[in-house]
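Coordinates as given in my_file-v1.cif (mmCIF, C-alpha atoms and all ligand atoms):
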```cif
data_final
#
loop_
_atom_site.label_atom_id
_atom_site.label_comp_id
_atom_site.auth_asym_id
_atom_site.auth_seq_id
_atom_site.Cartn_x
_atom_site.Cartn_y
_atom_site.Cartn_z
CA MET B 1 0.00 0.00 0.00
CA SER B 2 1.47 3.37 -0.98
CA GLU B 3 2.62 5.51 1.91
CA ARG B 4 4.02 9.03 2.01
CA MET B 5 4.37 11.94 4.38
CA LEU B 6 3.92 15.57 3.37
CA ARG B 7 5.92 18.10 5.37
CA GLY B 8 5.04 21.79 5.51
CA ARG B 9 2.96 24.37 7.35
CA VAL B 10 -0.18 22.38 8.06
CA LEU B 11 -3.63 23.92 8.52
CA SER B 12 -6.98 22.19 9.03
CA PHE B 13 -10.30 23.27 10.55
CA ARG B 14 -11.96 21.65 13.55
CA ARG B 15 -15.09 23.79 13.27
CA GLU B 16 -16.36 27.05 11.81
CA PRO B 17 -14.31 30.03 13.06
CA ARG B 18 -16.39 32.50 15.09
CA GLY B 19 -14.30 35.48 14.02
CA PRO B 20 -10.96 36.53 12.58
CA ALA B 21 -9.10 35.80 15.83
CA ASP B 22 -10.70 32.42 16.57
CA LEU B 23 -7.57 30.30 16.24
CA ASP B 24 -9.14 27.57 18.43
CA ALA B 25 -11.18 26.60 15.37
CA LEU B 26 -8.09 25.28 13.62
CA ASP B 27 -5.27 22.81 13.88
CA TRP B 28 -2.09 24.65 12.92
CA PHE B 29 1.41 23.17 12.82
CA GLU B 30 4.20 25.52 11.75
CA ASP B 31 6.49 22.51 11.12
CA GLY B 32 3.81 19.96 10.46
CA ALA B 33 3.23 16.77 8.55
CA VAL B 34 0.43 14.68 7.10
CA LEU B 35 0.95 10.93 6.94
CA ILE B 36 -0.95 9.16 4.17
CA ARG B 37 -1.43 5.47 3.53
CA GLY B 38 -3.62 3.89 0.86
CA GLY B 39 -5.33 7.18 0.02
CA VAL B 40 -6.32 7.89 3.63
CA ILE B 41 -4.84 10.26 6.20
CA LEU B 42 -3.27 8.30 9.04
CA ALA B 43 -1.94 11.19 11.11
CA CYS B 44 -1.64 14.96 11.05
CA GLY B 45 0.40 17.00 13.51
CA ASP B 46 3.89 18.22 14.41
CA PHE B 47 6.50 16.82 12.07
CA THR B 48 8.51 15.06 14.80
CA ASP B 49 5.40 13.41 16.28
CA VAL B 50 4.09 12.24 12.93
CA GLN B 51 7.50 11.00 11.80
CA ALA B 52 7.79 8.90 14.96
CA ARG B 53 4.66 7.06 13.77
CA ALA B 54 6.31 6.01 10.52
CA PRO B 55 10.11 6.12 10.62
CA GLY B 56 11.62 5.68 7.17
CA VAL B 57 8.52 6.70 5.26
CA ALA B 58 9.10 8.72 2.06
CA ILE B 59 8.86 12.44 2.85
CA VAL B 60 7.69 15.04 0.34
CA ASP B 61 9.14 18.26 1.68
CA HIS B 62 6.77 21.11 0.85
CA ARG B 63 8.28 23.59 3.30
CA PRO B 64 7.66 26.57 3.52
CA HIS B 65 4.33 26.06 1.77
CA LEU B 66 0.89 25.68 3.35
CA ILE B 67 -0.73 22.26 3.37
CA THR B 68 -4.50 22.18 3.76
CA ALA B 69 -7.54 20.19 2.65
CA GLY B 70 -8.37 20.17 -1.07
CA PHE B 71 -10.88 22.81 -2.12
CA ILE B 72 -14.53 21.96 -2.66
CA ASP B 73 -16.70 23.66 -5.30
CA ALA B 74 -20.38 23.23 -4.44
CA HIS B 75 -21.92 24.22 -7.80
CA LEU B 76 -20.65 24.37 -11.37
CA HIS B 77 -21.50 23.15 -14.86
CA PHE B 78 -19.40 20.49 -16.58
CA PRO B 79 -20.52 21.47 -20.14
CA GLN B 80 -19.79 25.17 -19.70
CA GLY B 81 -15.99 25.31 -19.69
CA GLN B 82 -15.95 26.80 -23.17
CA ILE B 83 -18.47 29.56 -22.46
CA VAL B 84 -16.65 31.16 -19.55
CA ALA B 85 -16.25 34.85 -20.51
CA SER B 86 -19.18 35.09 -22.97
CA TRP B 87 -20.13 38.72 -23.45
CA GLY B 88 -23.13 40.87 -22.91
CA GLU B 89 -26.14 39.03 -21.46
CA GLN B 90 -27.96 38.47 -18.21
CA LEU B 91 -29.22 35.06 -17.10
CA LEU B 92 -32.08 34.08 -19.43
CA ASP B 93 -30.54 35.52 -22.60
CA TRP B 94 -27.13 34.17 -21.59
CA LEU B 95 -28.64 30.68 -21.30
CA ASN B 96 -30.26 30.92 -24.74
CA THR B 97 -27.37 32.63 -26.50
CA TYR B 98 -24.37 30.77 -25.13
CA THR B 99 -25.22 27.98 -22.72
CA PHE B 100 -27.73 25.88 -24.58
CA PRO B 101 -25.74 25.78 -27.85
CA ALA B 102 -22.62 24.71 -25.91
CA GLU B 103 -24.52 22.00 -24.01
CA THR B 104 -25.99 20.61 -27.25
CA ARG B 105 -22.51 19.43 -28.25
CA PHE B 106 -22.37 17.07 -25.25
CA ALA B 107 -24.62 14.60 -27.07
CA ASP B 108 -21.35 13.56 -28.76
CA PRO B 109 -19.45 11.18 -26.45
CA ASP B 110 -16.07 12.10 -27.98
CA HIS B 111 -16.67 15.79 -27.31
CA ALA B 112 -17.83 14.98 -23.79
CA ARG B 113 -14.70 12.89 -23.13
CA ARG B 114 -12.38 15.62 -24.42
CA MET B 115 -14.16 18.23 -22.33
CA ALA B 116 -14.03 16.02 -19.23
CA ALA B 117 -10.23 15.83 -19.51
CA SER B 118 -9.98 19.64 -19.72
CA PHE B 119 -12.54 20.11 -16.95
CA PHE B 120 -10.69 17.98 -14.40
CA ASP B 121 -7.31 19.37 -15.50
CA LEU B 122 -8.60 22.82 -14.62
CA LEU B 123 -10.21 21.86 -11.32
CA LEU B 124 -7.07 20.09 -10.13
CA ALA B 125 -4.79 22.88 -11.35
CA HIS B 126 -6.80 25.20 -9.09
CA GLY B 127 -6.61 22.86 -6.10
CA THR B 128 -10.25 21.72 -6.26
CA THR B 129 -10.56 18.04 -5.38
CA THR B 130 -14.35 17.74 -5.03
CA ALA B 131 -17.10 19.48 -6.98
CA SER B 132 -20.82 19.13 -7.53
CA ALA B 133 -21.48 19.53 -11.25
CA PHE B 134 -24.49 19.75 -13.50
CA CYS B 135 -23.79 17.68 -16.60
CA SER B 136 -25.80 18.16 -19.80
CA VAL B 137 -29.18 16.54 -20.44
CA HIS B 138 -27.39 13.65 -22.18
CA SER B 139 -26.49 10.53 -20.19
CA VAL B 140 -23.23 10.26 -22.17
CA SER B 141 -22.09 13.52 -20.59
CA VAL B 142 -22.54 12.01 -17.13
CA ASP B 143 -20.68 8.88 -18.18
CA ALA B 144 -17.80 10.99 -19.50
CA TYR B 145 -17.75 13.06 -16.31
CA PHE B 146 -17.69 10.19 -13.83
CA ALA B 147 -15.39 7.99 -15.94
CA GLU B 148 -12.74 10.73 -16.06
CA ALA B 149 -13.15 11.43 -12.33
CA GLU B 150 -12.79 7.74 -11.58
CA ALA B 151 -9.64 7.45 -13.71
CA ARG B 152 -8.12 10.25 -11.61
CA GLY B 153 -9.33 8.89 -8.26
CA LEU B 154 -11.52 11.90 -7.46
CA ARG B 155 -14.52 12.26 -5.17
CA MET B 156 -17.02 14.03 -7.41
CA LEU B 157 -20.75 14.67 -7.38
CA GLY B 158 -22.82 15.22 -10.49
CA GLY B 159 -25.91 14.42 -12.44
CA LYS B 160 -27.71 14.87 -15.72
CA VAL B 161 -29.83 18.00 -15.91
CA MET B 162 -33.53 17.25 -16.26
CA MET B 163 -35.15 19.77 -18.64
CA ASP B 164 -38.26 19.25 -20.77
CA ARG B 165 -39.29 22.77 -21.82
CA ASN B 166 -38.00 26.27 -22.59
CA ALA B 167 -34.88 24.89 -24.22
CA PRO B 168 -33.95 23.81 -27.77
CA GLU B 169 -35.40 20.51 -28.89
CA ALA B 170 -31.97 18.84 -28.85
CA LEU B 171 -31.69 19.59 -25.11
CA ARG B 172 -35.13 18.46 -24.04
CA ASP B 173 -35.93 15.17 -22.35
CA THR B 174 -39.40 14.18 -21.11
CA PRO B 175 -40.67 13.47 -17.60
CA GLN B 176 -40.36 9.75 -18.31
CA THR B 177 -36.93 9.75 -20.00
CA ALA B 178 -35.54 12.17 -17.40
CA HIS B 179 -36.72 9.80 -14.69
CA ASP B 180 -35.52 6.62 -16.35
CA ASP B 181 -32.17 8.01 -17.53
CA SER B 182 -31.45 9.50 -14.09
CA ALA B 183 -32.39 6.22 -12.40
CA ALA B 184 -30.08 4.29 -14.73
CA LEU B 185 -27.24 6.74 -14.05
CA ILE B 186 -27.78 6.46 -10.30
CA HIS B 187 -27.60 2.69 -10.64
CA ARG B 188 -24.43 2.94 -12.76
CA TRP B 189 -22.51 5.57 -10.81
CA HIS B 190 -23.84 6.40 -7.35
CA GLY B 191 -21.48 4.97 -4.76
CA ARG B 192 -19.16 3.45 -7.38
CA GLY B 193 -15.67 4.28 -6.12
CA ARG B 194 -15.79 7.91 -5.09
CA ALA B 195 -18.73 8.96 -7.31
CA LEU B 196 -21.92 10.40 -5.83
CA TYR B 197 -25.00 11.17 -7.90
CA ALA B 198 -26.89 14.46 -7.63
CA ILE B 199 -30.46 14.48 -8.96
CA SER B 200 -30.48 17.66 -11.06
CA PRO B 201 -33.73 19.27 -12.23
CA ARG B 202 -32.10 22.35 -13.80
CA PHE B 203 -34.65 24.90 -12.52
CA ALA B 204 -38.40 25.40 -12.46
CA ILE B 205 -38.37 27.21 -15.81
CA THR B 206 -37.04 24.24 -17.77
CA SER B 207 -39.15 21.55 -16.05
CA THR B 208 -42.88 21.04 -16.52
CA PRO B 209 -44.94 20.15 -13.45
CA ALA B 210 -44.96 16.57 -14.74
CA GLN B 211 -41.17 16.54 -14.78
CA MET B 212 -40.99 18.03 -11.31
CA GLU B 213 -43.15 15.09 -10.20
CA ALA B 214 -40.68 12.74 -11.86
CA ALA B 215 -37.87 14.45 -9.92
CA GLN B 216 -39.89 14.05 -6.72
CA ALA B 217 -40.27 10.33 -7.37
CA LEU B 218 -36.51 9.99 -7.96
CA ILE B 219 -35.71 11.87 -4.77
CA ALA B 220 -38.10 9.70 -2.77
CA ALA B 221 -36.62 6.53 -4.25
CA HIS B 222 -32.99 7.64 -3.73
CA PRO B 223 -32.87 9.60 -0.47
CA ASP B 224 -29.10 9.20 -0.24
CA CYS B 225 -28.55 11.15 -3.47
CA HIS B 226 -28.00 14.89 -3.43
CA VAL B 227 -30.46 17.21 -5.18
CA GLN B 228 -29.20 20.30 -6.99
CA THR B 229 -31.03 23.10 -8.77
CA HIS B 230 -31.13 26.89 -9.19
CA LEU B 231 -33.23 29.28 -7.12
CA SER B 232 -33.97 33.03 -7.28
CA GLU B 233 -30.89 34.11 -9.18
CA ASN B 234 -32.37 36.87 -11.32
CA THR B 235 -35.55 38.94 -11.14
CA ALA B 236 -36.76 38.05 -14.67
CA GLU B 237 -36.15 34.38 -13.88
CA ILE B 238 -38.22 34.63 -10.69
CA ALA B 239 -41.14 36.30 -12.52
CA LEU B 240 -41.15 33.60 -15.22
CA ALA B 241 -40.85 30.72 -12.73
CA CYS B 242 -43.76 32.08 -10.69
CA ALA B 243 -45.87 32.61 -13.84
CA LEU B 244 -45.23 29.00 -14.86
CA TYR B 245 -46.30 27.72 -11.41
CA PRO B 246 -49.18 30.10 -10.50
CA GLU B 247 -50.40 27.82 -7.72
CA ALA B 248 -47.07 28.08 -5.88
CA ASP B 249 -46.55 30.69 -3.19
CA GLY B 250 -43.26 32.01 -4.58
CA TYR B 251 -40.26 30.39 -6.24
CA LEU B 252 -39.00 28.29 -3.33
CA ASP B 253 -42.49 26.89 -2.82
CA ILE B 254 -42.30 25.24 -6.28
CA TYR B 255 -39.45 23.13 -4.97
CA ALA B 256 -41.06 22.63 -1.55
CA ARG B 257 -44.21 21.26 -3.21
CA HIS B 258 -42.12 18.73 -5.08
CA GLY B 259 -40.30 17.30 -2.09
CA MET B 260 -36.97 18.78 -3.08
CA LEU B 261 -36.00 20.55 0.13
CA GLY B 262 -33.90 18.98 2.87
CA PRO B 263 -30.28 18.58 3.99
CA LYS B 264 -29.30 17.05 0.63
CA ALA B 265 -30.67 20.02 -1.34
CA LEU B 266 -28.19 22.44 -2.92
CA LEU B 267 -29.93 25.63 -4.09
CA GLY B 268 -27.68 27.55 -6.45
CA HIS B 269 -27.62 31.35 -6.08
CA ALA B 270 -30.57 31.97 -3.70
CA ILE B 271 -30.16 35.75 -3.97
CA HIS B 272 -33.63 37.35 -4.02
CA LEU B 273 -35.42 35.74 -1.08
CA SER B 274 -38.17 36.76 1.31
CA ASP B 275 -37.80 36.33 5.08
CA ARG B 276 -40.29 33.49 4.85
CA GLU B 277 -38.22 31.74 2.18
CA ARG B 278 -35.02 32.12 4.23
CA ALA B 279 -36.83 30.62 7.21
CA MET B 280 -38.08 27.69 5.12
CA ILE B 281 -34.58 27.03 3.77
CA ALA B 282 -33.28 26.94 7.35
CA GLU B 283 -36.16 24.84 8.72
CA THR B 284 -35.73 22.21 6.02
CA GLY B 285 -31.94 22.15 6.39
CA SER B 286 -31.54 22.98 2.68
CA HIS B 287 -28.36 24.74 1.57
CA PRO B 288 -28.15 27.93 -0.47
CA VAL B 289 -25.01 27.98 -2.60
CA HIS B 290 -23.35 31.36 -3.10
CA CYS B 291 -21.80 31.86 -6.55
CA PRO B 292 -20.17 35.29 -6.22
CA THR B 293 -18.19 35.69 -9.46
CA SER B 294 -21.18 34.44 -11.46
CA ASN B 295 -23.54 36.85 -9.71
CA LEU B 296 -21.21 39.73 -10.56
CA PHE B 297 -20.67 38.54 -14.14
CA LEU B 298 -24.37 38.13 -14.96
CA GLY B 299 -25.39 41.15 -12.89
CA SER B 300 -27.74 38.91 -10.92
CA GLY B 301 -27.62 40.58 -7.51
CA LEU B 302 -25.97 40.44 -4.10
CA PHE B 303 -26.20 37.24 -2.04
CA ASP B 304 -27.21 38.21 1.49
CA GLY B 305 -25.05 35.84 3.52
CA ALA B 306 -25.72 37.59 6.82
CA ALA B 307 -29.52 37.29 6.47
CA LEU B 308 -29.26 33.60 5.61
CA THR B 309 -26.93 32.93 8.54
CA ALA B 310 -29.24 34.88 10.87
CA ALA B 311 -32.15 32.74 9.65
CA GLY B 312 -30.15 29.63 10.56
CA ALA B 313 -29.21 28.44 7.06
CA THR B 314 -25.77 27.07 6.17
CA SER B 315 -24.61 28.07 2.72
CA GLY B 316 -22.11 26.62 0.29
CA LEU B 317 -19.69 28.54 -1.92
CA ALA B 318 -19.08 27.83 -5.60
CA THR B 319 -17.58 29.02 -8.88
CA ASP B 320 -20.67 28.38 -11.06
CA ILE B 321 -18.46 27.87 -14.09
CA GLY B 322 -19.37 28.89 -16.89
CA ALA B 323 -21.16 32.02 -15.60
CA GLY B 324 -18.43 32.23 -12.98
CA MET B 325 -15.33 34.20 -13.88
CA SER B 326 -12.74 31.94 -12.25
CA TRP B 327 -12.15 28.24 -11.59
CA SER B 328 -10.30 29.19 -8.41
CA MET B 329 -12.00 28.75 -5.05
CA LEU B 330 -9.47 31.25 -3.65
CA ARG B 331 -10.67 33.87 -6.14
CA THR B 332 -14.25 32.84 -5.42
CA ALA B 333 -13.71 33.47 -1.72
CA GLY B 334 -12.19 36.85 -2.65
CA ALA B 335 -15.31 37.70 -4.67
CA ALA B 336 -17.52 36.64 -1.76
CA TYR B 337 -15.55 39.11 0.36
CA THR B 338 -16.30 41.95 -2.06
CA ILE B 339 -20.00 41.06 -2.24
CA ALA B 340 -20.15 41.07 1.56
CA GLN B 341 -18.41 44.48 1.57
CA LEU B 342 -21.04 45.92 -0.78
CA GLN B 343 -23.65 45.11 1.88
CA GLY B 344 -21.68 46.25 4.92
CA GLN B 345 -20.92 42.61 5.84
CA ARG B 346 -17.57 40.94 6.50
CA LEU B 347 -16.07 37.66 5.41
CA ASP B 348 -12.92 37.07 7.42
CA PRO B 349 -10.05 35.03 5.98
CA LEU B 350 -10.26 32.19 8.49
CA ARG B 351 -13.93 31.71 7.75
CA ALA B 352 -13.27 31.96 4.01
CA LEU B 353 -10.67 29.19 4.07
CA TRP B 354 -12.93 27.12 6.31
CA TRP B 355 -15.76 27.70 3.82
CA ILE B 356 -13.94 26.38 0.74
CA THR B 357 -12.74 23.30 2.66
CA ARG B 358 -14.59 22.06 5.74
CA GLY B 359 -17.59 24.39 5.31
CA ASN B 360 -18.46 23.06 1.88
CA ALA B 361 -17.84 19.51 3.12
CA GLU B 362 -20.39 20.12 5.87
CA VAL B 363 -22.87 21.51 3.35
CA LEU B 364 -22.41 18.36 1.26
CA GLY B 365 -22.73 16.15 4.35
CA LEU B 366 -19.28 14.70 3.64
CA VAL B 367 -17.15 16.09 6.45
CA ASP B 368 -16.40 12.59 7.72
CA ARG B 369 -14.66 11.95 4.39
CA ILE B 370 -13.31 15.22 2.95
CA GLY B 371 -12.69 18.86 3.81
CA THR B 372 -10.16 18.44 6.64
CA LEU B 373 -6.85 16.73 7.38
CA ALA B 374 -8.38 14.65 10.17
CA PRO B 375 -7.14 11.04 10.49
CA GLU B 376 -9.24 8.44 8.69
CA THR B 377 -10.52 10.95 6.12
CA GLU B 378 -9.64 10.79 2.44
CA ALA B 379 -6.28 12.32 1.54
CA ASP B 380 -7.47 15.15 -0.74
CA ILE B 381 -4.98 17.93 -0.11
CA VAL B 382 -3.75 21.18 -1.61
CA VAL B 383 -0.31 22.75 -1.16
CA LEU B 384 -0.21 26.55 -1.46
CA ASP B 385 2.69 28.92 -2.09
CA SER B 386 1.78 32.30 -0.59
CA ARG B 387 4.63 33.95 -2.55
CA ALA B 388 3.88 32.33 -5.89
CA THR B 389 3.63 35.54 -7.91
CA PRO B 390 5.52 38.84 -7.71
CA GLU B 391 2.48 40.63 -6.31
CA LEU B 392 1.92 37.93 -3.68
CA ALA B 393 5.61 37.95 -2.75
CA LEU B 394 5.54 41.74 -2.39
CA ARG B 395 2.37 41.61 -0.29
CA MET B 396 3.71 38.76 1.86
CA GLY B 397 6.75 40.86 2.70
CA ALA B 398 4.36 42.89 4.86
CA ALA B 399 2.15 40.04 6.10
CA THR B 400 1.62 40.12 9.84
CA ASP B 401 0.21 36.70 10.67
CA LEU B 402 -1.54 33.60 9.31
CA LYS B 403 -4.87 35.30 8.71
CA ASP B 404 -3.17 38.11 6.83
CA GLU B 405 -1.42 35.50 4.67
CA LEU B 406 -4.72 33.72 4.01
CA PHE B 407 -6.38 36.99 3.10
CA ALA B 408 -3.61 37.82 0.60
CA LEU B 409 -4.09 34.35 -0.91
CA MET B 410 -7.86 34.72 -1.30
CA ILE B 411 -7.60 38.14 -2.89
CA LEU B 412 -4.51 37.63 -5.05
CA GLY B 413 -4.16 33.84 -5.34
CA ASP B 414 -5.32 31.43 -8.02
CA ASP B 415 -3.88 28.34 -9.73
CA ARG B 416 -0.40 29.91 -9.69
CA ALA B 417 -0.43 29.57 -5.89
CA VAL B 418 -1.20 25.85 -6.10
CA VAL B 419 2.09 23.95 -5.81
CA GLU B 420 0.49 20.50 -5.77
CA THR B 421 -2.90 18.89 -5.49
CA TYR B 422 -3.30 15.42 -3.97
CA ALA B 423 -6.34 13.20 -4.56
CA ALA B 424 -6.62 10.06 -2.43
CA GLY B 425 -2.97 10.63 -1.53
CA ASN B 426 -1.63 10.87 -5.10
CA PRO B 427 -0.19 14.01 -6.72
CA VAL B 428 -2.61 15.01 -9.49
CA LYS B 429 -1.88 18.61 -10.43
CA PRO B 430 -1.56 18.57 -14.22
CA ARG B 431 1.80 19.75 -15.54
CA PRO B 432 1.74 21.73 -18.80
N1 LIG H 1 -30.12 28.69 -14.09
C1 LIG H 1 -30.49 27.62 -14.83
N2 LIG H 1 -29.43 27.11 -15.50
C2 LIG H 1 -28.38 27.88 -15.19
C3 LIG H 1 -27.02 27.85 -15.58
O1 LIG H 1 -26.56 27.01 -16.37
N3 LIG H 1 -26.22 28.81 -15.02
C4 LIG H 1 -26.69 29.75 -14.17
N4 LIG H 1 -25.85 30.66 -13.67
N5 LIG H 1 -27.97 29.80 -13.80
C5 LIG H 1 -28.81 28.87 -14.30
ZN ZN H 2 -25.52 26.98 -12.07
#
```

Do you think you could lay out the structure here as structure tokens?
Amino acid sequence: MSERMLRGRVLSFRREPRGPADLDALDWFEDGAVLIRGGVILACGDFTDVQARAPGVAIVDHRPHLITAGFIDAHLHFPQGQIVASWGEQLLDWLNTYTFPAETRFADPDHARRMAASFFDLLLAHGTTTASAFCSVHSVSVDAYFAEAEARGLRMLGGKVMMDRNAPEALRDTPQTAHDDSAALIHRWHGRGRALYAISPRFAITSTPAQMEAAQALIAAHPDCHVQTHLSENTAEIALACALYPEADGYLDIYARHGMLGPKALLGHAIHLSDRERAMIAETGSHPVHCPTSNLFLGSGLFDGAALTAAGATSGLATDIGAGMSWSMLRTAGAAYTIAQLQGQRLDPLRALWWITRGNAEVLGLVDRIGTLAPETEADIVVLDSRATPELALRMGAATDLKDELFALMILGDDRAVVETYAAGNPVKPRP
């Protein structure tokens, strides 16, 4: 069984930090080490203590770099890598102009396979080791996605989008085929190796009531699968969704009526919400997912993290590629900081780093497996160089402490700061 020890400045979260000075929330070892065997973390602590557990083990010396848990991206779109940076539209026109034509190409298994290779190259280059992705409507896109993830040993979530209206013919399924294809994909992939299936009705606008009932049946039959969709991202979207479901009492209620809410539910965007909707999200244990660079790019609005937290909801954080402007969860945390600033709120650097690691693992219900460097969890790890670029090196020359370093990384860092990415204990950062 392969065994190695990573040496460096080791950082992992025990719980959510309560503020910028809450160092009790983290395990921090200035000269630390992580011992890995067979893809699992055996020990994490001071270098001398960990080395005593395994004398003679091969050491990968990453000093002076930071070693922390691999990043987790709670919402993005596998078929949208080639439409990142598409000019000029807001949500509904952006979907029709750029997104749907790009997704149509994923009916071709060769295209889907090529795109899967690029997709995981980019995620791993940016230090992201787990993501929850919407694939296209085509089952072959899901096969390409999970097959490539499996070949690289990655823990990934994903599912075929269900969509039977308000989209081009080539992207429409039916209530029955969406149900049967999703069920077959769950059977094929869910729980195979590290794969986890997410039932994925795209959003209320592209699903008829009959298809929402099909999604409800799938969710009831597969309660261990995640459920992902989009909610209240854009005001024109909300008006159309509510017009299509006149009996519902608001957008969220469409999903509530179809049994979609609960701790497995990931609600992308969740920007324009009423107090009642925030309370229902919290009561059901559903998770809003904040997509800050996407919300800025599409001009969708400002995610009110403080109101959701006050209501008792726990939110995820995500790139939302291809409306998102960066594959980097560091940059995404930086954008979340700026969106908080625009509303007089604060995202401190400890909480930001917790959010893109342990926080997102908690939202996904996977913290016993990923998101920390705790023993017996899966060895998905990122190594970060806080001086990777000239501007970071200059800034770090004036850094005062760990939280200052983390803040510089989340504002100025990206894939250039990622020295190595480990998945199940193996180095997987692609080299050009
Ligand atoms: N709402 C429904 N589909 C999408 C999508 O692909 N991207 C974004 N940002 N919002 C959506
Ligand atoms: Zn999305």

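Ranking B:Glu233, B:Asp121, B:Asp249, B:Asp31 by their shortest atom-to-atom distance to ligand LIG 1 (chain H), with only C-alpha atoms and all ligand atoms included, puts B:Glu233 first.
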
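Here CA of Ser132 (chain B) and CA of Gly324 (chain B) stand 14.4 Å from one another.
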
> Quick one: residues within 12 Å of ligand ZN 2 (chain H), with only C-alpha atoms and all ligand atoms, as a count of residues only?
Replying inline: 49

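Nearest to ligand LIG 1 (chain H) of all the residues B:Ala21, B:Val137, B:Ile356, B:Ala256 is B:Val137, based on only C-alpha atoms and all ligand atoms.
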
Axis-aligned box over every listed atom of region 141-156 of chain B, padded by 8 Å per side: centre and edges in Å to one decimal, as AutoDock Vina command-line options?
```
--center_x -15.3 --center_y 10.7 --center_z -12.9 --size_x 30.4 --size_y 22.6 --size_z 31.4
```

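Pairwise distance (CA of Leu23 (chain B), CA of His65 (chain B)) equals 19.2 Å.
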
> Excluding same-chain residues fewer than 2 positions from Thr389 (chain B), what lies within 8 Å of it counting all atoms listed in the file, as a PyMOL selection string?
Replying inline: chain B and resi 387+391-393+416-417

> Can you list, as an MDAnalysis selection string, every protein, DNA or RNA residue that comes within 10 Å of His272 (chain B) when you count all atoms listed in the file, leaving out same-chain residues fewer than 2 positions away?
Replying inline: chainID B and resid 231:235 238 251 269:270 274 277:278 300:304

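One finds CA of Met5 (chain B) at 6.5 Å from CA of Ala33 (chain B).
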
>> What's around Ile59 (chain B) at 10 Å? Count all atoms listed in the file, leave out sequence neighbours fewer than 4 positions away in its own chain, and write the answer as a list in words.
In response: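 After dropping sequence-adjacent residues, the list is Glu3, Arg4, Met5, Leu6, Arg7, Ala33, Val34, Leu35 and Gln51 of chain B.
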
If I only have part of region 321-325 of chain B, can you fill in all heavy atoms and write it as a PDB file, in the coordinates of the input?
```pdb
ATOM      1  N   ILE B 321     -18.926  27.945 -12.702  1.00  0.00           N
ATOM      2  CA  ILE B 321     -18.460  27.870 -14.090  1.00  0.00           C
ATOM      3  C   ILE B 321     -19.601  27.345 -14.945  1.00  0.00           C
ATOM      4  O   ILE B 321     -20.298  26.411 -14.515  1.00  0.00           O
ATOM      5  CB  ILE B 321     -17.239  26.891 -14.171  1.00  0.00           C
ATOM      6  CG1 ILE B 321     -16.014  27.479 -13.479  1.00  0.00           C
ATOM      7  CG2 ILE B 321     -16.934  26.475 -15.623  1.00  0.00           C
ATOM      8  CD1 ILE B 321     -15.440  28.735 -14.083  1.00  0.00           C
ATOM      9  N   GLY B 322     -20.008  27.866 -16.150  1.00  0.00           N
ATOM     10  CA  GLY B 322     -19.370  28.890 -16.890  1.00  0.00           C
ATOM     11  C   GLY B 322     -19.911  30.297 -16.763  1.00  0.00           C
ATOM     12  O   GLY B 322     -19.430  31.144 -17.499  1.00  0.00           O
ATOM     13  N   ALA B 323     -20.867  30.615 -15.833  1.00  0.00           N
ATOM     14  CA  ALA B 323     -21.160  32.020 -15.600  1.00  0.00           C
ATOM     15  C   ALA B 323     -20.119  32.611 -14.656  1.00  0.00           C
ATOM     16  O   ALA B 323     -19.898  33.819 -14.653  1.00  0.00           O
ATOM     17  CB  ALA B 323     -22.565  32.195 -15.026  1.00  0.00           C
ATOM     18  N   GLY B 324     -19.487  31.766 -13.879  1.00  0.00           N
ATOM     19  CA  GLY B 324     -18.430  32.230 -12.980  1.00  0.00           C
ATOM     20  C   GLY B 324     -17.219  32.708 -13.770  1.00  0.00           C
ATOM     21  O   GLY B 324     -16.966  32.251 -14.886  1.00  0.00           O
ATOM     22  N   MET B 325     -16.474  33.613 -13.166  1.00  0.00           N
ATOM     23  CA  MET B 325     -15.330  34.200 -13.880  1.00  0.00           C
ATOM     24  C   MET B 325     -14.016  33.524 -13.554  1.00  0.00           C
ATOM     25  O   MET B 325     -12.991  33.874 -14.137  1.00  0.00           O
ATOM     26  CB  MET B 325     -15.231  35.692 -13.543  1.00  0.00           C
ATOM     27  CG  MET B 325     -16.375  36.506 -14.124  1.00  0.00           C
ATOM     28  SD  MET B 325     -16.146  38.269 -13.908  1.00  0.00           S
ATOM     29  CE  MET B 325     -16.717  38.494 -12.220  1.00  0.00           C
TER      30      MET B 325
END
```
